[in-house]
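Visitor: Encoded as structure tokens, here's the structure I'll be asking about.
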Amino acid sequence: MGDGVGTHVKKQDYKTFTDERNGRSYYYLTIRGKNKAGEADSVTVMAENLNIGKMIYYDDYQEDDSKIERFCYNDDTTNCDRYGALYQWAEMMQLPSECNSKSCADLIQPNHQGICPDGWRLLTQDDFYIVLKSENAEHGIEDVRARGFGGYNYTGYSLVGAGVVADRKCQGIVDYAYWYYPDEYEEDSDTRAYLSATSRSGTGANLYRDLKTNGLSVRCVKLEE
């Protein structure tokens, strides 16, 4: 749950589930807010970053399509335990690694599961909009960030500064968070995908289009029953 529960979120608002693939348990909660149409909406989302797969060196590529591979910041598994693992776009999507260098738009599904556990799917731009517009949010992105990451965490989302692997270098742990969406960037769909980022002192969560080969954090959303 990041570094603390926000003032407007009670401990009993969190639930836990166990990923049967590796026995790791995650906190999750339902965040109620508004969607882009201004209507009341909700999303049930992990309050931690995903951590699954075989660790490989951060200056390598996640290109073994027979297994899930992950980066741990500075090749330190304790960073994966604390902040979650970092994944290239194709790995997150559970698509062939060649999708980092060519468009695979035809393989992107609605409610795309990617490397999320069964019953869960990848976080979308629309999902994160609801989080930002939570009924508990008074300070924008600061209510999404954990207390130890320059935030108030009133939403309970508990975003942490997991950093990034970019240009085969680890950068920004503690100070920055980056996460992909399951969308290619239309004007350069071969090599770039959409992502958002925020810093410890940032006042927003900006939308970017960057290389699919960077290693970013992953959040999962529970499928509606």
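The chains in the structure tokens are called A, B, ... from first to last as shown; in each chain the residues are counted from 1, and the ligands are counted from 1 in the order shown.
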For range 47-55 of chain A, find every residue with an atom within 6 Å (counting only C-alpha atoms), except residues of its own chain fewer than 6 positions away, and show them as a list in words.
Guide: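 Listing them by chain and then by number gives Met1, Tyr27, Tyr28, Ile68, Glu69, Arg70, Phe71, Gly84, Ala85, Tyr157, Ser158, Val218 and Arg219 of chain A.
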Visitor: Would you save the residues from that selection as a short mmCIF file (atom, residue, chain, number, x, y, z; two decimals), in the first residue's frame, using C-alpha atoms?
Guide:
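File written: out-v4.cif
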data_model
loop_
_atom_site.label_atom_id
_atom_site.label_comp_id
_atom_site.auth_asym_id
_atom_site.auth_seq_id
_atom_site.Cartn_x
_atom_site.Cartn_y
_atom_site.Cartn_z
CA MET A 1 0.00 0.00 0.00
CA TYR A 27 -3.51 -4.86 -1.85
CA TYR A 28 -6.30 -3.48 -4.00
CA ILE A 68 7.63 -13.36 -18.28
CA GLU A 69 10.81 -11.35 -17.70
CA ARG A 70 11.26 -8.35 -15.42
CA PHE A 71 13.79 -5.68 -14.58
CA GLY A 84 7.37 -3.47 -8.17
CA ALA A 85 9.14 -4.67 -11.29
CA TYR A 157 -3.81 4.41 -5.02
CA SER A 158 -0.39 4.58 -3.33
CA VAL A 218 2.57 -1.89 -14.34
CA ARG A 219 -0.76 -1.68 -12.54
#
Visitor: Residues of range 80-111 of chain A within 12 Å of range 11-26 of chain A: nearest atom pair and distance (Å, one decimal) for each, counting only C-alpha atoms, sorted by chain and number, as JSON lines?
Guide:
{"residue": "A:Cys80", "atom": "CA", "partner": "A:Arg24", "partner_atom": "CA", "distance": 11.8}
{"residue": "A:Asp81", "atom": "CA", "partner": "A:Arg24", "partner_atom": "CA", "distance": 9.7}
{"residue": "A:Arg82", "atom": "CA", "partner": "A:Tyr26", "partner_atom": "CA", "distance": 11.8}
{"residue": "A:Gly84", "atom": "CA", "partner": "A:Tyr26", "partner_atom": "CA", "distance": 10.7}
Visitor: From a DSSP calculation on the backbone, collect every residue of range 42-79 of chain A in helix (DSSP H, G or I) and output the set as a list of chain:residue names.
Guide: A:Tyr73, A:Asn74, A:Asp75, A:Thr77, A:Thr78, A:Asn79
Visitor: With only C-alpha atoms as the basis for distance, which of A:Arg200, A:Cys116, A:Arg168, A:Asp76 is at the shortest distance from Met93 in chain A?
Guide: A:Cys116
Visitor: Can you pull out every residue within 8 Å of Asn214 in chain A, counting only C-alpha atoms, but drop anything in the same chain fewer than 4 positions away, and send it as number ranges by chain?
Guide: A: 87-89, 164-168, 210
Visitor: What does the structure give for the distance between CA of Gly156 in chain A and CA of Asp143 in chain A, in Å to one decimal?
Guide: 7.8 Å
Visitor: Counting only C-alpha atoms, give me one row per residue of range 56-170 of chain A with an atom at most 9 Å from an atom of range 175-196 of chain A, showing the shortest contact pair and its distance in Å to one decimal, sorted by chain then residue number, as JSON lines.
Guide:
{"residue": "A:Leu86", "atom": "CA", "partner": "A:Trp179", "partner_atom": "CA", "distance": 8.9}
{"residue": "A:Tyr87", "atom": "CA", "partner": "A:Tyr180", "partner_atom": "CA", "distance": 9.0}
{"residue": "A:Gln88", "atom": "CA", "partner": "A:Tyr180", "partner_atom": "CA", "distance": 8.7}
{"residue": "A:Trp89", "atom": "CA", "partner": "A:Tyr180", "partner_atom": "CA", "distance": 6.9}
{"residue": "A:Met92", "atom": "CA", "partner": "A:Tyr180", "partner_atom": "CA", "distance": 8.4}
{"residue": "A:Met93", "atom": "CA", "partner": "A:Pro182", "partner_atom": "CA", "distance": 6.8}
{"residue": "A:Cys99", "atom": "CA", "partner": "A:Asp190", "partner_atom": "CA", "distance": 7.4}
{"residue": "A:Asn100", "atom": "CA", "partner": "A:Thr191", "partner_atom": "CA", "distance": 5.7}
{"residue": "A:Ser101", "atom": "CA", "partner": "A:Thr191", "partner_atom": "CA", "distance": 4.9}
{"residue": "A:Lys102", "atom": "CA", "partner": "A:Asp190", "partner_atom": "CA", "distance": 3.8}
{"residue": "A:Ser103", "atom": "CA", "partner": "A:Asp190", "partner_atom": "CA", "distance": 4.3}
{"residue": "A:Cys104", "atom": "CA", "partner": "A:Asp190", "partner_atom": "CA", "distance": 7.9}
{"residue": "A:Ala105", "atom": "CA", "partner": "A:Glu184", "partner_atom": "CA", "distance": 7.0}
{"residue": "A:Ile108", "atom": "CA", "partner": "A:Pro182", "partner_atom": "CA", "distance": 7.3}
{"residue": "A:Gln109", "atom": "CA", "partner": "A:Pro182", "partner_atom": "CA", "distance": 8.9}
{"residue": "A:His112", "atom": "CA", "partner": "A:Pro182", "partner_atom": "CA", "distance": 7.3}
{"residue": "A:Gly114", "atom": "CA", "partner": "A:Pro182", "partner_atom": "CA", "distance": 8.6}
{"residue": "A:Leu122", "atom": "CA", "partner": "A:Pro182", "partner_atom": "CA", "distance": 6.9}
{"residue": "A:Leu123", "atom": "CA", "partner": "A:Tyr181", "partner_atom": "CA", "distance": 6.4}
{"residue": "A:Thr124", "atom": "CA", "partner": "A:Tyr181", "partner_atom": "CA", "distance": 5.4}
{"residue": "A:Gln125", "atom": "CA", "partner": "A:Tyr181", "partner_atom": "CA", "distance": 6.5}
{"residue": "A:Phe149", "atom": "CA", "partner": "A:Asp175", "partner_atom": "CA", "distance": 7.2}
{"residue": "A:Gly150", "atom": "CA", "partner": "A:Asp175", "partner_atom": "CA", "distance": 8.8}
{"residue": "A:Leu159", "atom": "CA", "partner": "A:Ala177", "partner_atom": "CA", "distance": 7.6}
{"residue": "A:Val160", "atom": "CA", "partner": "A:Ala177", "partner_atom": "CA", "distance": 6.4}
{"residue": "A:Gly161", "atom": "CA", "partner": "A:Ala177", "partner_atom": "CA", "distance": 4.6}
{"residue": "A:Ala162", "atom": "CA", "partner": "A:Ala177", "partner_atom": "CA", "distance": 5.5}
{"residue": "A:Gly163", "atom": "CA", "partner": "A:Tyr176", "partner_atom": "CA", "distance": 5.1}
{"residue": "A:Val164", "atom": "CA", "partner": "A:Tyr178", "partner_atom": "CA", "distance": 6.6}
Visitor: Generate a file of the selected residues that holds N, CA and C atoms, formatted as a PDB file, in the first residue's frame.
Guide:
ATOM      1  N   LEU A  86       9.847  -3.626 -13.365  1.00  0.00           N
ATOM      2  CA  LEU A  86       9.790  -2.724 -14.510  1.00  0.00           C
ATOM      3  C   LEU A  86       9.761  -3.568 -15.791  1.00  0.00           C
ATOM      4  N   TYR A  87       8.883  -3.188 -16.716  1.00  0.00           N
ATOM      5  CA  TYR A  87       8.641  -4.001 -17.903  1.00  0.00           C
ATOM      6  C   TYR A  87       8.675  -3.170 -19.172  1.00  0.00           C
ATOM      7  N   GLN A  88       9.220  -3.761 -20.232  1.00  0.00           N
ATOM      8  CA  GLN A  88       9.093  -3.167 -21.555  1.00  0.00           C
ATOM      9  C   GLN A  88       7.654  -3.341 -22.033  1.00  0.00           C
ATOM     10  N   TRP A  89       7.264  -2.549 -23.025  1.00  0.00           N
ATOM     11  CA  TRP A  89       5.857  -2.507 -23.434  1.00  0.00           C
ATOM     12  C   TRP A  89       5.352  -3.857 -23.916  1.00  0.00           C
ATOM     13  N   MET A  92       4.874  -6.227 -21.013  1.00  0.00           N
ATOM     14  CA  MET A  92       3.662  -5.887 -20.274  1.00  0.00           C
ATOM     15  C   MET A  92       2.420  -6.390 -20.997  1.00  0.00           C
ATOM     16  N   MET A  93       2.422  -6.248 -22.309  1.00  0.00           N
ATOM     17  CA  MET A  93       1.276  -6.640 -23.120  1.00  0.00           C
ATOM     18  C   MET A  93       1.197  -8.153 -23.323  1.00  0.00           C
ATOM     19  N   CYS A  99       7.151  -6.811 -31.035  1.00  0.00           N
ATOM     20  CA  CYS A  99       6.170  -5.718 -30.981  1.00  0.00           C
ATOM     21  C   CYS A  99       6.753  -4.449 -30.380  1.00  0.00           C
ATOM     22  N   ASN A 100       7.983  -4.522 -29.844  1.00  0.00           N
ATOM     23  CA  ASN A 100       8.681  -3.307 -29.409  1.00  0.00           C
ATOM     24  C   ASN A 100       9.288  -2.551 -30.581  1.00  0.00           C
ATOM     25  N   SER A 101       9.348  -3.183 -31.728  1.00  0.00           N
ATOM     26  CA  SER A 101       9.962  -2.535 -32.895  1.00  0.00           C
ATOM     27  C   SER A 101       9.068  -2.565 -34.130  1.00  0.00           C
ATOM     28  N   LYS A 102       7.842  -3.034 -33.969  1.00  0.00           N
ATOM     29  CA  LYS A 102       6.864  -2.965 -35.056  1.00  0.00           C
ATOM     30  C   LYS A 102       5.472  -2.838 -34.449  1.00  0.00           C
ATOM     31  N   SER A 103       4.545  -2.312 -35.214  1.00  0.00           N
ATOM     32  CA  SER A 103       3.190  -2.142 -34.720  1.00  0.00           C
ATOM     33  C   SER A 103       2.497  -3.498 -34.567  1.00  0.00           C
ATOM     34  N   CYS A 104       1.851  -3.661 -33.430  1.00  0.00           N
ATOM     35  CA  CYS A 104       1.045  -4.856 -33.177  1.00  0.00           C
ATOM     36  C   CYS A 104      -0.362  -4.447 -32.776  1.00  0.00           C
ATOM     37  N   ALA A 105      -0.841  -3.362 -33.378  1.00  0.00           N
ATOM     38  CA  ALA A 105      -2.150  -2.808 -33.015  1.00  0.00           C
ATOM     39  C   ALA A 105      -3.260  -3.837 -33.166  1.00  0.00           C
ATOM     40  N   ILE A 108      -3.926  -5.930 -29.959  1.00  0.00           N
ATOM     41  CA  ILE A 108      -4.389  -5.298 -28.726  1.00  0.00           C
ATOM     42  C   ILE A 108      -5.881  -5.557 -28.572  1.00  0.00           C
ATOM     43  N   GLN A 109      -6.252  -6.152 -27.441  1.00  0.00           N
ATOM     44  CA  GLN A 109      -7.629  -6.545 -27.196  1.00  0.00           C
ATOM     45  C   GLN A 109      -8.321  -5.581 -26.227  1.00  0.00           C
ATOM     46  N   HIS A 112      -7.408  -5.744 -22.209  1.00  0.00           N
ATOM     47  CA  HIS A 112      -6.191  -6.508 -22.505  1.00  0.00           C
ATOM     48  C   HIS A 112      -5.545  -6.976 -21.202  1.00  0.00           C
ATOM     49  N   GLY A 114      -2.605  -8.847 -20.740  1.00  0.00           N
ATOM     50  CA  GLY A 114      -1.165  -8.730 -20.660  1.00  0.00           C
ATOM     51  C   GLY A 114      -0.593  -9.665 -19.605  1.00  0.00           C
ATOM     52  N   LEU A 122      -4.894  -4.803 -17.821  1.00  0.00           N
ATOM     53  CA  LEU A 122      -3.979  -3.669 -17.720  1.00  0.00           C
ATOM     54  C   LEU A 122      -4.735  -2.352 -17.524  1.00  0.00           C
ATOM     55  N   LEU A 123      -4.142  -1.466 -16.736  1.00  0.00           N
ATOM     56  CA  LEU A 123      -4.682  -0.127 -16.505  1.00  0.00           C
ATOM     57  C   LEU A 123      -4.702   0.671 -17.805  1.00  0.00           C
ATOM     58  N   THR A 124      -5.809   1.367 -18.075  1.00  0.00           N
ATOM     59  CA  THR A 124      -5.935   2.201 -19.267  1.00  0.00           C
ATOM     60  C   THR A 124      -5.911   3.687 -18.900  1.00  0.00           C
ATOM     61  N   GLN A 125      -5.827   4.516 -19.928  1.00  0.00           N
ATOM     62  CA  GLN A 125      -5.897   5.957 -19.699  1.00  0.00           C
ATOM     63  C   GLN A 125      -7.225   6.341 -19.051  1.00  0.00           C
ATOM     64  N   PHE A 149       6.096   9.572  -1.315  1.00  0.00           N
ATOM     65  CA  PHE A 149       6.402   9.980  -2.691  1.00  0.00           C
ATOM     66  C   PHE A 149       5.766  11.335  -2.968  1.00  0.00           C
ATOM     67  N   GLY A 150       5.882  12.224  -2.009  1.00  0.00           N
ATOM     68  CA  GLY A 150       5.421  13.595  -2.186  1.00  0.00           C
ATOM     69  C   GLY A 150       3.926  13.731  -2.332  1.00  0.00           C
ATOM     70  N   LEU A 159       0.704   5.445  -5.310  1.00  0.00           N
ATOM     71  CA  LEU A 159       1.725   5.482  -6.357  1.00  0.00           C
ATOM     72  C   LEU A 159       3.099   5.748  -5.745  1.00  0.00           C
ATOM     73  N   VAL A 160       4.092   4.945  -6.147  1.00  0.00           N
ATOM     74  CA  VAL A 160       5.438   5.067  -5.590  1.00  0.00           C
ATOM     75  C   VAL A 160       6.453   5.389  -6.683  1.00  0.00           C
ATOM     76  N   GLY A 161       7.587   5.925  -6.266  1.00  0.00           N
ATOM     77  CA  GLY A 161       8.641   6.319  -7.202  1.00  0.00           C
ATOM     78  C   GLY A 161       9.536   5.142  -7.561  1.00  0.00           C
ATOM     79  N   ALA A 162       9.058   4.317  -8.473  1.00  0.00           N
ATOM     80  CA  ALA A 162       9.783   3.097  -8.849  1.00  0.00           C
ATOM     81  C   ALA A 162      10.899   3.353  -9.853  1.00  0.00           C
ATOM     82  N   GLY A 163      10.956   4.560 -10.425  1.00  0.00           N
ATOM     83  CA  GLY A 163      11.978   4.865 -11.414  1.00  0.00           C
ATOM     84  C   GLY A 163      11.684   4.232 -12.763  1.00  0.00           C
ATOM     85  N   VAL A 164      12.729   4.149 -13.609  1.00  0.00           N
ATOM     86  CA  VAL A 164      12.561   3.696 -14.987  1.00  0.00           C
ATOM     87  C   VAL A 164      13.879   3.097 -15.468  1.00  0.00           C
TER      88      VAL A 164
END
Visitor: Determine, counting only C-alpha atoms, which protein, DNA and RNA residues have an atom within 10 Å of an atom of Val144 in chain A; residues of the same chain fewer than 2 positions away are not included. Present the result as a PyMOL selection string.
Guide: chain A and resi 6+128+131-134+136-137+139-142+146-147+149-160+205
Visitor: Rounded to one decimal in Å, what is the spacing between CA of Ile31 in chain A and CA of Ile173 in chain A?
Guide: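 Separating CA of Ile31 in chain A from CA of Ile173 in chain A is a distance of 26.0 Å.
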Visitor: May I ask which of the residues A:Thr78, A:Asp64, A:Gln171, A:Trp120 is the closest one to Pro96 in chain A, counting only C-alpha atoms?
Guide: A:Asp64
